[in-house]
>>> print(open('target.pdb').read())   # PDB, C-alpha atoms and all ligand atoms
ATOM      1  CA  MET A1389     -32.461  79.942 157.665
ATOM      2  CA  SER A1390     -31.145  76.404 157.889
ATOM      3  CA  LEU A1391     -27.549  77.527 158.402
ATOM      4  CA  ILE A1392     -26.038  77.228 161.808
ATOM      5  CA  HIS A1393     -23.663  79.390 163.743
ATOM      6  CA  HIS A1394     -20.539  77.360 164.519
ATOM      7  CA  ARG A1395     -18.685  77.490 167.815
ATOM      8  CA  PRO A1396     -15.182  76.292 166.837
ATOM      9  CA  LYS A1397     -13.400  77.719 169.867
ATOM     10  CA  LEU A1398     -15.702  76.015 172.355
ATOM     11  CA  ALA A1399     -15.363  72.762 170.413
ATOM     12  CA  ARG A1400     -11.562  73.046 170.353
ATOM     13  CA  ASP A1401     -11.393  73.849 174.063
ATOM     14  CA  ILE A1402     -13.548  70.864 175.021
ATOM     15  CA  ALA A1403     -11.701  68.552 172.607
ATOM     16  CA  THR A1404      -8.326  69.603 174.012
ATOM     17  CA  GLN A1405      -9.471  69.125 177.591
ATOM     18  CA  LEU A1406     -10.708  65.655 176.713
ATOM     19  CA  LEU A1407      -7.946  64.388 174.444
ATOM     20  CA  ASN A1408      -4.908  66.196 175.883
ATOM     21  CA  PRO A1409      -5.895  67.055 179.434
ATOM     22  CA  ASN A1410      -3.513  68.928 181.694
ATOM     23  CA  VAL A1411      -3.090  67.825 185.294
ATOM     24  CA  LEU A1412      -6.235  69.646 186.418
ATOM     25  CA  ASP A1413      -8.437  68.254 183.652
ATOM     26  CA  GLN A1414      -7.481  64.590 184.132
ATOM     27  CA  SER A1415     -10.809  63.895 185.832
ATOM     28  CA  LEU A1416     -12.635  64.512 182.537
ATOM     29  CA  ARG A1417     -11.420  61.077 181.534
ATOM     30  CA  SER A1418     -13.726  59.729 184.227
ATOM     31  CA  GLY A1419     -16.643  61.022 182.169
ATOM     32  CA  LEU A1420     -18.119  64.348 181.106
ATOM     33  CA  PHE A1421     -21.776  65.192 181.525
ATOM     34  CA  LEU A1422     -23.121  68.274 179.732
ATOM     35  CA  SER A1423     -26.536  69.713 180.502
ATOM     36  CA  GLY A1424     -28.509  72.622 179.097
ATOM     37  CA  PRO A1425     -32.169  73.686 178.841
ATOM     38  CA  ARG A1426     -34.388  72.278 176.091
ATOM     39  CA  ARG A1427     -33.984  73.582 172.532
ATOM     40  CA  THR A1428     -30.839  75.602 173.242
ATOM     41  CA  GLY A1429     -28.617  73.851 170.701
ATOM     42  CA  LYS A1430     -26.959  70.969 172.572
ATOM     43  CA  THR A1431     -27.387  68.346 169.856
ATOM     44  CA  THR A1432     -26.470  70.808 167.108
ATOM     45  CA  PHE A1433     -23.246  71.653 168.928
ATOM     46  CA  LEU A1434     -22.369  67.980 169.380
ATOM     47  CA  LEU A1435     -23.051  67.001 165.779
ATOM     48  CA  ARG A1436     -21.839  70.063 163.930
ATOM     49  CA  ASP A1437     -18.929  71.278 166.071
ATOM     50  CA  LEU A1438     -17.685  68.897 168.753
ATOM     51  CA  ILE A1439     -17.751  65.593 166.841
ATOM     52  CA  PRO A1440     -15.984  66.939 163.715
ATOM     53  CA  THR A1441     -13.358  68.559 165.955
ATOM     54  CA  LEU A1442     -12.746  65.353 167.902
ATOM     55  CA  GLU A1443     -12.549  63.361 164.662
ATOM     56  CA  ASN A1444     -10.133  65.844 163.112
ATOM     57  CA  ALA A1445      -7.956  65.353 166.173
ATOM     58  CA  GLY A1446      -7.876  61.632 165.330
ATOM     59  CA  ALA A1447     -10.401  60.243 167.803
ATOM     60  CA  VAL A1448     -12.962  57.590 166.932
ATOM     61  CA  VAL A1449     -16.340  59.047 167.910
ATOM     62  CA  ILE A1450     -19.557  57.119 168.392
ATOM     63  CA  TYR A1451     -22.775  59.101 168.860
ATOM     64  CA  VAL A1452     -26.186  57.852 169.894
ATOM     65  CA  ASP A1453     -29.363  59.773 170.654
ATOM     66  CA  LEU A1454     -31.525  57.784 173.071
ATOM     67  CA  TRP A1455     -34.600  59.705 171.943
ATOM     68  CA  SER A1456     -34.040  58.951 168.259
ATOM     69  CA  GLU A1457     -36.415  56.003 168.470
ATOM     70  CA  VAL A1458     -38.781  56.356 171.378
ATOM     71  CA  THR A1459     -39.753  52.707 171.496
ATOM     72  CA  ALA A1460     -36.219  51.302 171.224
ATOM     73  CA  SER A1461     -34.361  50.427 174.437
ATOM     74  CA  PRO A1462     -31.161  52.339 175.260
ATOM     75  CA  SER A1463     -29.251  49.066 175.041
ATOM     76  CA  LYS A1464     -30.463  48.380 171.515
ATOM     77  CA  LEU A1465     -29.541  51.884 170.343
ATOM     78  CA  VAL A1466     -26.142  51.901 172.062
ATOM     79  CA  HIS A1467     -25.151  48.539 170.602
ATOM     80  CA  ALA A1468     -26.422  49.452 167.129
ATOM     81  CA  ALA A1469     -24.273  52.612 167.126
ATOM     82  CA  LEU A1470     -21.270  50.598 168.296
ATOM     83  CA  ARG A1471     -21.754  47.946 165.603
ATOM     84  CA  SER A1472     -22.097  50.593 162.930
ATOM     85  CA  SER A1473     -18.878  52.295 164.016
ATOM     86  CA  LEU A1474     -17.002  48.989 164.148
ATOM     87  CA  LYS A1475     -18.161  48.182 160.624
ATOM     88  CA  ASP A1476     -16.832  51.559 159.458
ATOM     89  CA  LEU A1477     -13.494  50.779 161.038
ATOM     90  CA  GLN A1478     -13.430  47.368 159.344
ATOM     91  CA  SER A1479     -13.961  48.837 155.905
ATOM     92  CA  SER A1480     -10.745  50.296 154.585
ATOM     93  CA  THR A1481     -12.423  52.791 152.257
ATOM     94  CA  ARG A1482     -14.419  54.567 154.953
ATOM     95  CA  ASN A1483     -11.329  54.503 157.060
ATOM     96  CA  GLN A1484      -9.016  56.476 154.824
ATOM     97  CA  SER A1485      -9.362  59.673 156.807
ATOM     98  CA  ARG A1486      -7.600  57.910 159.642
ATOM     99  CA  ARG A1487      -4.906  56.695 157.278
ATOM    100  CA  ALA A1488      -5.306  53.169 158.563
ATOM    101  CA  ALA A1489      -6.132  50.033 156.660
ATOM    102  CA  GLY A1490      -9.344  48.227 157.540
ATOM    103  CA  VAL A1491      -9.194  46.966 161.114
ATOM    104  CA  THR A1492      -9.960  43.354 162.019
ATOM    105  CA  PHE A1493     -11.491  42.559 165.370
ATOM    106  CA  ASP A1494     -11.126  39.395 167.433
ATOM    107  CA  PHE A1495     -14.874  39.108 167.944
ATOM    108  CA  GLN A1496     -17.964  38.987 165.761
ATOM    109  CA  VAL A1497     -19.242  42.534 165.326
ATOM    110  CA  ALA A1498     -22.727  41.260 164.481
ATOM    111  CA  ASP A1499     -22.951  39.488 167.879
ATOM    112  CA  LEU A1500     -22.415  42.671 169.917
ATOM    113  CA  GLY A1501     -25.431  43.237 172.111
ATOM    114  CA  THR A1502     -26.442  39.566 172.145
ATOM    115  CA  PRO A1503     -25.923  37.464 175.292
ATOM    116  CA  THR A1504     -22.992  35.600 173.734
ATOM    117  CA  GLY A1505     -21.435  38.640 172.065
ATOM    118  CA  ALA A1506     -18.461  40.710 173.211
ATOM    119  CA  THR A1507     -19.052  43.359 175.890
ATOM    120  CA  ILE A1508     -18.758  47.099 175.343
ATOM    121  CA  ALA A1509     -15.530  46.955 177.362
ATOM    122  CA  GLN A1510     -14.011  44.291 175.097
ATOM    123  CA  ALA A1511     -14.990  46.258 172.004
ATOM    124  CA  ALA A1512     -13.587  49.493 173.479
ATOM    125  CA  VAL A1513     -10.240  47.888 174.338
ATOM    126  CA  GLU A1514      -9.909  46.466 170.834
ATOM    127  CA  ILE A1515     -10.810  49.739 169.115
ATOM    128  CA  VAL A1516      -8.285  51.698 171.188
ATOM    129  CA  ASP A1517      -5.546  49.092 170.778
ATOM    130  CA  LYS A1518      -6.026  48.422 167.084
ATOM    131  CA  VAL A1519      -6.710  51.955 165.846
ATOM    132  CA  LYS A1520      -4.270  53.321 168.456
ATOM    133  CA  THR A1521      -6.334  56.341 169.293
ATOM    134  CA  ASP A1522      -8.911  57.723 171.708
ATOM    135  CA  LEU A1523     -12.463  56.438 171.631
ATOM    136  CA  VAL A1524     -15.199  58.935 172.529
ATOM    137  CA  TYR A1525     -18.695  57.579 173.095
ATOM    138  CA  ILE A1526     -21.363  60.305 173.202
ATOM    139  CA  VAL A1527     -24.830  59.515 174.540
ATOM    140  CA  ASP A1528     -27.385  62.250 173.904
ATOM    141  CA  GLU A1529     -30.420  62.284 176.248
ATOM    142  CA  VAL A1530     -28.409  60.102 178.625
ATOM    143  CA  GLN A1531     -30.995  60.519 181.417
ATOM    144  CA  HIS A1532     -33.091  58.003 179.494
ATOM    145  CA  MET A1533     -30.773  55.322 180.890
ATOM    146  CA  LEU A1534     -32.072  56.069 184.364
ATOM    147  CA  THR A1535     -35.572  54.915 183.505
ATOM    148  CA  SER A1536     -34.938  51.146 183.525
ATOM    149  CA  ASP A1537     -32.727  48.541 185.168
ATOM    150  CA  ALA A1538     -31.345  47.658 181.738
ATOM    151  CA  GLY A1539     -30.412  51.324 181.257
ATOM    152  CA  LEU A1540     -28.640  51.448 184.613
ATOM    153  CA  ALA A1541     -26.776  48.263 183.754
ATOM    154  CA  LEU A1542     -25.674  49.954 180.554
ATOM    155  CA  LEU A1543     -24.161  52.830 182.532
ATOM    156  CA  TYR A1544     -22.131  50.256 184.446
ATOM    157  CA  ALA A1545     -21.113  48.678 181.125
ATOM    158  CA  PHE A1546     -19.750  52.081 180.029
ATOM    159  CA  LYS A1547     -17.926  52.484 183.333
ATOM    160  CA  ALA A1548     -16.419  49.016 182.835
ATOM    161  CA  ALA A1549     -15.279  50.049 179.340
ATOM    162  CA  ARG A1550     -13.688  53.200 180.720
ATOM    163  CA  ASP A1551     -11.833  51.287 183.415
ATOM    164  CA  ALA A1552     -10.807  48.455 181.083
ATOM    165  CA  VAL A1553      -9.136  50.946 178.727
ATOM    166  CA  ASN A1554      -7.942  53.763 180.976
ATOM    167  CA  ALA A1555      -6.778  51.909 184.082
ATOM    168  CA  ARG A1556      -4.020  50.101 182.211
ATOM    169  CA  PRO A1557      -0.471  51.226 182.971
ATOM    170  CA  SER A1558       0.066  52.155 179.354
ATOM    171  CA  THR A1559      -2.601  52.575 176.709
ATOM    172  CA  PRO A1560      -2.393  53.901 173.135
ATOM    173  CA  GLY A1561      -5.569  55.931 173.737
ATOM    174  CA  HIS A1562      -8.313  56.575 176.246
ATOM    175  CA  PHE A1563     -12.016  55.825 176.480
ATOM    176  CA  ILE A1564     -14.000  58.988 177.058
ATOM    177  CA  PHE A1565     -17.691  58.959 177.857
ATOM    178  CA  ILE A1566     -19.809  62.063 177.239
ATOM    179  CA  GLY A1567     -23.437  62.203 178.326
ATOM    180  CA  THR A1568     -25.779  65.083 177.563
ATOM    181  CA  GLY A1569     -29.348  65.994 178.338
ATOM    182  CA  SER A1570     -31.650  68.773 179.388
ATOM    183  CA  ASN A1571     -32.633  67.735 182.877
ATOM    184  CA  ARG A1572     -29.841  69.326 184.861
ATOM    185  CA  ALA A1573     -30.672  67.665 188.176
ATOM    186  CA  GLN A1574     -30.803  64.222 186.602
ATOM    187  CA  ILE A1575     -27.601  64.785 184.634
ATOM    188  CA  GLU A1576     -25.773  66.013 187.729
ATOM    189  CA  GLY A1577     -27.223  63.099 189.676
ATOM    190  CA  LEU A1578     -25.350  60.748 187.366
ATOM    191  CA  THR A1579     -22.065  61.878 188.905
ATOM    192  CA  VAL A1580     -22.923  61.929 192.625
ATOM    193  CA  GLY A1581     -24.116  59.345 195.130
ATOM    194  CA  ASP A1582     -22.670  56.009 196.128
ATOM    195  CA  LYS A1583     -24.686  53.957 193.679
ATOM    196  CA  THR A1584     -23.899  55.887 190.538
ATOM    197  CA  ALA A1585     -21.632  54.310 187.939
ATOM    198  CA  PHE A1586     -19.951  57.616 187.113
ATOM    199  CA  LEU A1587     -19.133  58.816 190.612
ATOM    200  CA  GLY A1588     -16.593  61.625 190.426
ATOM    201  CA  ALA A1589     -17.126  62.376 186.731
ATOM    202  CA  THR A1590     -17.473  66.023 185.720
ATOM    203  CA  SER A1591     -20.881  67.604 185.235
ATOM    204  CA  VAL A1592     -21.101  71.067 183.693
ATOM    205  CA  GLU A1593     -23.605  73.214 181.877
ATOM    206  CA  LEU A1594     -22.894  73.552 178.151
ATOM    207  CA  PRO A1595     -22.358  77.299 177.573
ATOM    208  CA  PRO A1596     -25.482  78.603 175.821
ATOM    209  CA  LEU A1597     -25.474  80.565 172.568
ATOM    210  CA  GLY A1598     -24.739  84.239 173.193
ATOM    211  CA  LYS A1599     -24.023  87.565 171.579
ATOM    212  CA  ASP A1600     -21.885  86.026 168.805
ATOM    213  CA  TYR A1601     -24.871  84.000 167.665
ATOM    214  CA  VAL A1602     -27.178  87.043 167.756
ATOM    215  CA  GLN A1603     -24.675  89.096 165.770
ATOM    216  CA  TRP A1604     -24.381  86.300 163.213
ATOM    217  CA  VAL A1605     -28.187  86.159 162.798
ATOM    218  CA  LEU A1606     -28.445  89.948 162.369
ATOM    219  CA  GLN A1607     -25.724  89.836 159.711
ATOM    220  CA  LYS A1608     -27.596  87.136 157.829
ATOM    221  CA  LEU A1609     -30.781  89.213 157.975
ATOM    222  CA  GLN A1610     -28.931  92.195 156.549
ATOM    223  CA  GLN A1611     -27.453  90.068 153.769
ATOM    224  CA  GLU A1612     -30.918  88.803 152.913
ATOM    225  CA  ARG A1613     -32.249  92.376 152.989
ATOM    226  CA  VAL A1614     -34.818  91.654 155.664
ATOM    227  CA  ARG A1615     -36.759  94.870 156.248
ATOM    228  CA  VAL A1616     -37.070  95.206 160.022
ATOM    229  CA  ILE A1617     -33.939  94.399 162.031
ATOM    230  CA  PRO A1618     -33.363  95.256 165.719
ATOM    231  CA  SER A1619     -30.060  96.622 167.033
ATOM    232  CA  LEU A1620     -27.526  94.183 168.529
ATOM    233  CA  PRO A1621     -28.054  95.220 172.197
ATOM    234  CA  VAL A1622     -31.849  94.962 171.947
ATOM    235  CA  ALA A1623     -31.661  91.680 170.022
ATOM    236  CA  SER A1624     -29.209  90.194 172.560
ATOM    237  CA  GLN A1625     -31.404  91.174 175.485
ATOM    238  CA  SER A1626     -34.457  89.668 173.805
ATOM    239  CA  PHE A1627     -32.567  86.466 172.934
ATOM    240  CA  ALA A1628     -31.729  86.068 176.634
ATOM    241  CA  LEU A1629     -35.366  86.711 177.544
ATOM    242  CA  LEU A1630     -36.348  83.917 175.146
ATOM    243  CA  GLY A1631     -34.176  81.463 177.049
ATOM    244  CA  ARG A1632     -31.450  81.587 174.352
ATOM    245  CA  ARG A1633     -33.544  79.394 172.069
ATOM    246  CA  PRO A1634     -32.821  79.924 168.345
ATOM    247  CA  GLU A1635     -36.286  78.820 167.241
ATOM    248  CA  GLU A1636     -38.069  81.307 169.521
ATOM    249  CA  PHE A1637     -35.677  84.041 168.461
ATOM    250  CA  MET A1638     -36.382  83.428 164.763
ATOM    251  CA  ARG A1639     -40.102  83.394 165.493
ATOM    252  CA  ALA A1640     -39.832  86.766 167.237
ATOM    253  CA  LEU A1641     -37.846  88.199 164.312
ATOM    254  CA  SER A1642     -40.470  86.987 161.904
ATOM    255  CA  THR A1643     -43.282  88.588 163.941
ATOM    256  CA  LEU A1644     -41.304  91.826 164.014
ATOM    257  CA  GLN A1645     -41.735  92.177 160.241
ATOM    258  CA  GLN A1646     -45.294  93.460 160.818
ATOM    259  CA  HIS A1647     -43.779  96.705 162.104
ATOM    260  CA  GLN A1648     -41.918  99.598 160.523
ATOM    261  CA  PRO A1649     -38.085  99.516 160.321
ATOM    262  CA  LEU A1650     -37.706 102.457 162.700
ATOM    263  CA  GLU A1651     -39.912 100.770 165.294
ATOM    264  CA  ALA A1652     -37.722  97.644 165.513
ATOM    265  CA  ASP A1653     -36.050  98.335 168.863
ATOM    266  CA  GLN A1654     -39.295  99.542 170.384
ATOM    267  CA  PHE A1655     -41.342  96.454 169.456
ATOM    268  CA  PHE A1656     -38.819  93.611 169.517
ATOM    269  CA  PRO A1657     -38.594  93.368 173.348
ATOM    270  CA  VAL A1658     -42.407  93.431 173.533
ATOM    271  CA  ILE A1659     -42.694  90.576 171.025
ATOM    272  CA  ALA A1660     -40.033  88.599 172.918
ATOM    273  CA  ALA A1661     -41.818  89.156 176.241
ATOM    274  CA  THR A1662     -45.133  88.003 174.739
ATOM    275  CA  LEU A1663     -43.580  84.864 173.245
ATOM    276  CA  GLN A1664     -41.820  84.171 176.531
ATOM    277  CA  ALA A1665     -45.073  84.499 178.441
ATOM    278  CA  SER A1666     -46.907  82.151 176.077
ATOM    279  CA  ALA A1667     -44.070  79.608 176.329
ATOM    280  CA  GLU A1668     -44.455  79.659 180.123
ATOM    281  CA  ASP A1669     -48.141  78.797 179.796
ATOM    282  CA  PHE A1670     -47.184  75.304 178.588
TER     283      PHE A1670
HETATM  284  N1  LIG A1701     -25.592  77.112 166.588
HETATM  285  C1  LIG A1701     -26.809  77.227 166.067
HETATM  286  N2  LIG A1701     -27.072  78.072 165.052
HETATM  287  C2  LIG A1701     -28.309  78.176 164.519
HETATM  288  N3  LIG A1701     -29.368  77.471 164.956
HETATM  289  C3  LIG A1701     -29.170  76.613 165.968
HETATM  290  C4  LIG A1701     -27.891  76.451 166.577
HETATM  291  N4  LIG A1701     -27.995  75.533 167.564
HETATM  292  C5  LIG A1701     -29.270  75.134 167.549
HETATM  293  N5  LIG A1701     -29.989  75.765 166.607
HETATM  294  C6  LIG A1701     -31.401  75.516 166.316
HETATM  295  O1  LIG A1701     -32.122  75.454 167.547
HETATM  296  C7  LIG A1701     -33.027  74.346 167.566
HETATM  297  C8  LIG A1701     -32.714  73.435 168.736
HETATM  298  O2  LIG A1701     -31.440  72.876 168.525
HETATM  299  P1  LIG A1701     -31.007  71.459 169.125
HETATM  300  O3  LIG A1701     -31.967  70.404 168.718
HETATM  301  O4  LIG A1701     -29.573  71.305 168.806
HETATM  302  O5  LIG A1701     -31.190  71.768 170.684
HETATM  303  P2  LIG A1701     -31.213  70.754 171.896
HETATM  304  O6  LIG A1701     -30.762  71.545 173.067
HETATM  305  O7  LIG A1701     -30.450  69.529 171.571
HETATM  306  O8  LIG A1701     -32.770  70.439 172.005
HETATM  307  P3  LIG A1701     -33.517  69.238 172.780
HETATM  308  O9  LIG A1701     -33.682  69.735 174.181
HETATM  309  O10 LIG A1701     -34.834  69.094 172.068
HETATM  310  O11 LIG A1701     -32.635  68.035 172.676
HETATM  311  C9  LIG A1701     -32.922  73.691 166.192
HETATM  312  O12 LIG A1701     -33.939  74.188 165.367
HETATM  313  C10 LIG A1701     -31.563  74.138 165.698
HETATM  314  O13 LIG A1701     -31.517  74.205 164.287
HETATM  315 MG    MG A1702     -30.962  67.514 171.679
END
>>> encode(input="target.pdb", output="structure tokens")
Amino acid sequence: MSLIHHRPKLARDIATQLLNPNVLDQSLRSGLFLSGPRRTGKTTFLLRDLIPTLENAGAVVIYVDLWSEVTASPSKLVHAALRSSLKDLQSSTRNQSRRAAGVTFDFQVADLGTPTGATIAQAAVEIVDKVKTDLVYIVDEVQHMLTSDAGLALLYAFKAARDAVNARPSTPGHFIFIGTGSNRAQIEGLTVGDKTAFLGATSVELPPLGKDYVQWVLQKLQQERVRVIPSLPVASQSFALLGRRPEEFMRALSTLQQHQPLEADQFFPVIAATLQASAEDF
């Protein structure tokens, strides 16, 4: 099953808090850090729900996954994503969804990331001023920046971009930085301590998939006439036992097919417990 269960409400809520914050949510503009255990659907949520929602609301969104190329430095990946987005904005055809003609920038896009090129802050100010909208930069596996001095410098470059755009008395849009990753302590650590670039930014756990997801999977199984299907309460309990990981859940459902339909609720928790125990052995 390659389909995914969408979470439009969560995406809308986060997008609203970021793009149109009320008085209490203003601090999200200082940066938002989302953490969640491994394999629980963080990247899927970003790519399939949050980014389309932010873009539909008119924001320019840049996404980079720092684990996409293990050998590449965070700086190289961050600048490549920025250059690619700037090129999109320059080309009028790709830009039609924003109903703006191709944008021209006062710096050489190709030079970004080189010692003589524009800084991330300069690029951010120009994007916000010329497209007249919010710029959201999302860094997946952001903790990777903590592993080198160059990575730490990059965090300060993002902070500088935020301040260059947002600290102005009037700005046509804001710069919003979102960092995500699975190491909760490290992610939280990015927002506390005197030396951190993003002191005071918000760090929260991304809500995990829940009963809605389980119900959606069971419905799909029924539609596909899968033979052995557990009840919703038993399936939900087992999904929680499996750490709310879709892959483990699907594996458990597949193993369940060795049993008889009437035995589903009896065996599914046992299968989940066994899978959970073997996962803990790693
Ligand atoms: N909403 C969803 N509906 C269906 N399947 C999902 C959903 N979210 C995630 N999955 C599946 O769960 C697996 C893990 O998803 P994803 O890579 O998004 O998680 P992650 O938390 O970013 O993982 P990692 O810790 O490796 O970065 C993938 O196989 C993905 O297809
Ligand atoms: Mg991920």
>>> closest_residue(input="target.pdb", among="A:Leu1523, A:Trp1455, A:Asp1653, A:Ala1538", to="A:Asn1554", atoms="only C-alpha atoms")
A:Leu1523
>>> resolve_selection(input="target.pdb", expression="the PyMOL selection byres (((chain A and resi 1618) around 8) and not hetatm)", output="PyMOL selection string")
chain A and resi 1606+1616-1617+1619-1620+1622-1623+1652-1653+1656
>>> atom_distance(input="target.pdb", atom1="atom CA of A:Leu1438", atom2="atom CA of A:Ala1589")
19.1 Å
>>> resolve_selection(input="target.pdb", expression="the PyMOL selection byres (((not hetatm)) within 9 of (chain A and resi 1702))", output="ChimeraX atom specification")
/A:1426-1432,1434,1453,1455,1528-1529,1568-1570
>>> resolve_selection(input="target.pdb", expression="the PyMOL selection byres (((chain A and resi 1507-1510) around 8) and not hetatm)", output="PDB file with C-alpha atoms, in the coordinates of the input")
ATOM      1  CA  LEU A1500     -22.415  42.671 169.917  1.00  0.00           C
ATOM      2  CA  GLY A1501     -25.431  43.237 172.111  1.00  0.00           C
ATOM      3  CA  GLY A1505     -21.435  38.640 172.065  1.00  0.00           C
ATOM      4  CA  ALA A1506     -18.461  40.710 173.211  1.00  0.00           C
ATOM      5  CA  ALA A1511     -14.990  46.258 172.004  1.00  0.00           C
ATOM      6  CA  ALA A1512     -13.587  49.493 173.479  1.00  0.00           C
ATOM      7  CA  VAL A1513     -10.240  47.888 174.338  1.00  0.00           C
ATOM      8  CA  GLU A1514      -9.909  46.466 170.834  1.00  0.00           C
ATOM      9  CA  ALA A1545     -21.113  48.678 181.125  1.00  0.00           C
ATOM     10  CA  PHE A1546     -19.750  52.081 180.029  1.00  0.00           C
ATOM     11  CA  ALA A1548     -16.419  49.016 182.835  1.00  0.00           C
ATOM     12  CA  ALA A1549     -15.279  50.049 179.340  1.00  0.00           C
ATOM     13  CA  ARG A1550     -13.688  53.200 180.720  1.00  0.00           C
ATOM     14  CA  ALA A1552     -10.807  48.455 181.083  1.00  0.00           C
ATOM     15  CA  VAL A1553      -9.136  50.946 178.727  1.00  0.00           C
TER      16      VAL A1553
END
>>> atom_distance(input="target.pdb", atom1="atom CA of A:Leu1465", atom2="atom CA of A:Val1452")
6.9 Å
>>> closest_residue(input="target.pdb", among="A:Lys1608, A:Gly1419, A:Phe1637, A:Val1411", to="A:Glu1576", atoms="all atoms listed in the file")
A:Gly1419
>>> residues_around(input="target.pdb", residues="A:Ile1564", least_positions_apart="3", cutoff="9 Å", atoms="all atoms listed in the file", output="mmCIF file with C-alpha atoms, in the coordinates of the input")
data_model
loop_
_atom_site.group_PDB
_atom_site.id
_atom_site.type_symbol
_atom_site.label_atom_id
_atom_site.label_comp_id
_atom_site.auth_asym_id
_atom_site.auth_seq_id
_atom_site.Cartn_x
_atom_site.Cartn_y
_atom_site.Cartn_z
ATOM 1 C CA LEU A 1406 -10.708 65.655 176.713
ATOM 2 C CA LEU A 1407 -7.946 64.388 174.444
ATOM 3 C CA LEU A 1416 -12.635 64.512 182.537
ATOM 4 C CA ARG A 1417 -11.420 61.077 181.534
ATOM 5 C CA SER A 1418 -13.726 59.729 184.227
ATOM 6 C CA GLY A 1419 -16.643 61.022 182.169
ATOM 7 C CA LEU A 1420 -18.119 64.348 181.106
ATOM 8 C CA ASP A 1522 -8.911 57.723 171.708
ATOM 9 C CA LEU A 1523 -12.463 56.438 171.631
ATOM 10 C CA VAL A 1524 -15.199 58.935 172.529
ATOM 11 C CA TYR A 1525 -18.695 57.579 173.095
ATOM 12 C CA ILE A 1526 -21.363 60.305 173.202
ATOM 13 C CA ARG A 1550 -13.688 53.200 180.720
ATOM 14 C CA ASN A 1554 -7.942 53.763 180.976
#
>>> residues_around(input="target.pdb", residues="A:Trp1604", least_positions_apart="3", cutoff="12 Å", atoms="only C-alpha atoms", output="list in words")
Met1389, Leu1391, Ile1392, His1393, His1394, Arg1395, Leu1597, Gly1598, Lys1599, Asp1600, Tyr1601, Gln1607, Lys1608, Leu1609, Gln1610, Gln1611, Leu1620, Ala1623, Ser1624 and Pro1634 of chain A
>>> closest_residue(input="target.pdb", among="A:Asp1476, A:Ala1399, A:Thr1590, A:Asp1517", to="A:Arg1556", atoms="all atoms listed in the file")
A:Asp1517
>>> axis_aligned_box(input="target.pdb", around="ligand LIG 1701 (chain A)", padding_each_side="6 Å", output="AutoDock Vina command-line options")
--center_x -30.2 --center_y 73.1 --center_z 169.2 --size_x 21.2 --size_y 22.1 --size_z 21.9
>>> closest_atom_pairs(input="target.pdb", of="stretch 1504-1543 of chain A", to="stretch 1582-1587 of chain A", cutoff="9 Å", atoms="all atoms listed in the file", output="CSV")
residue,atom,partner,partner_atom,distance
A:Leu1540,CA,A:Ala1585,CA,8.3
A:Ala1541,CA,A:Ala1585,CA,9.0
A:Leu1543,CA,A:Ala1585,CA,6.1
>>> closest_residue(input="target.pdb", among="A:Val1466, A:Leu1650, A:Val1614, A:Val1602", to="ligand LIG 1701 (chain A)", atoms="all atoms listed in the file")
A:Val1602
>>> residues_around(input="target.pdb", residues="A:Ala1661", least_positions_apart="5", cutoff="8 Å", atoms="all atoms listed in the file", output="PyMOL selection string")
chain A and resi 1626+1629-1630
>>> closest_residue(input="target.pdb", among="A:Leu1442, A:Val1527, A:Val1516, A:Leu1663", to="ligand LIG 1701 (chain A)", atoms="all atoms listed in the file")
A:Val1527
>>> atom_distance(input="target.pdb", atom1="atom CA of A:Ser1666", atom2="atom CA of A:Ala1628")
15.7 Å
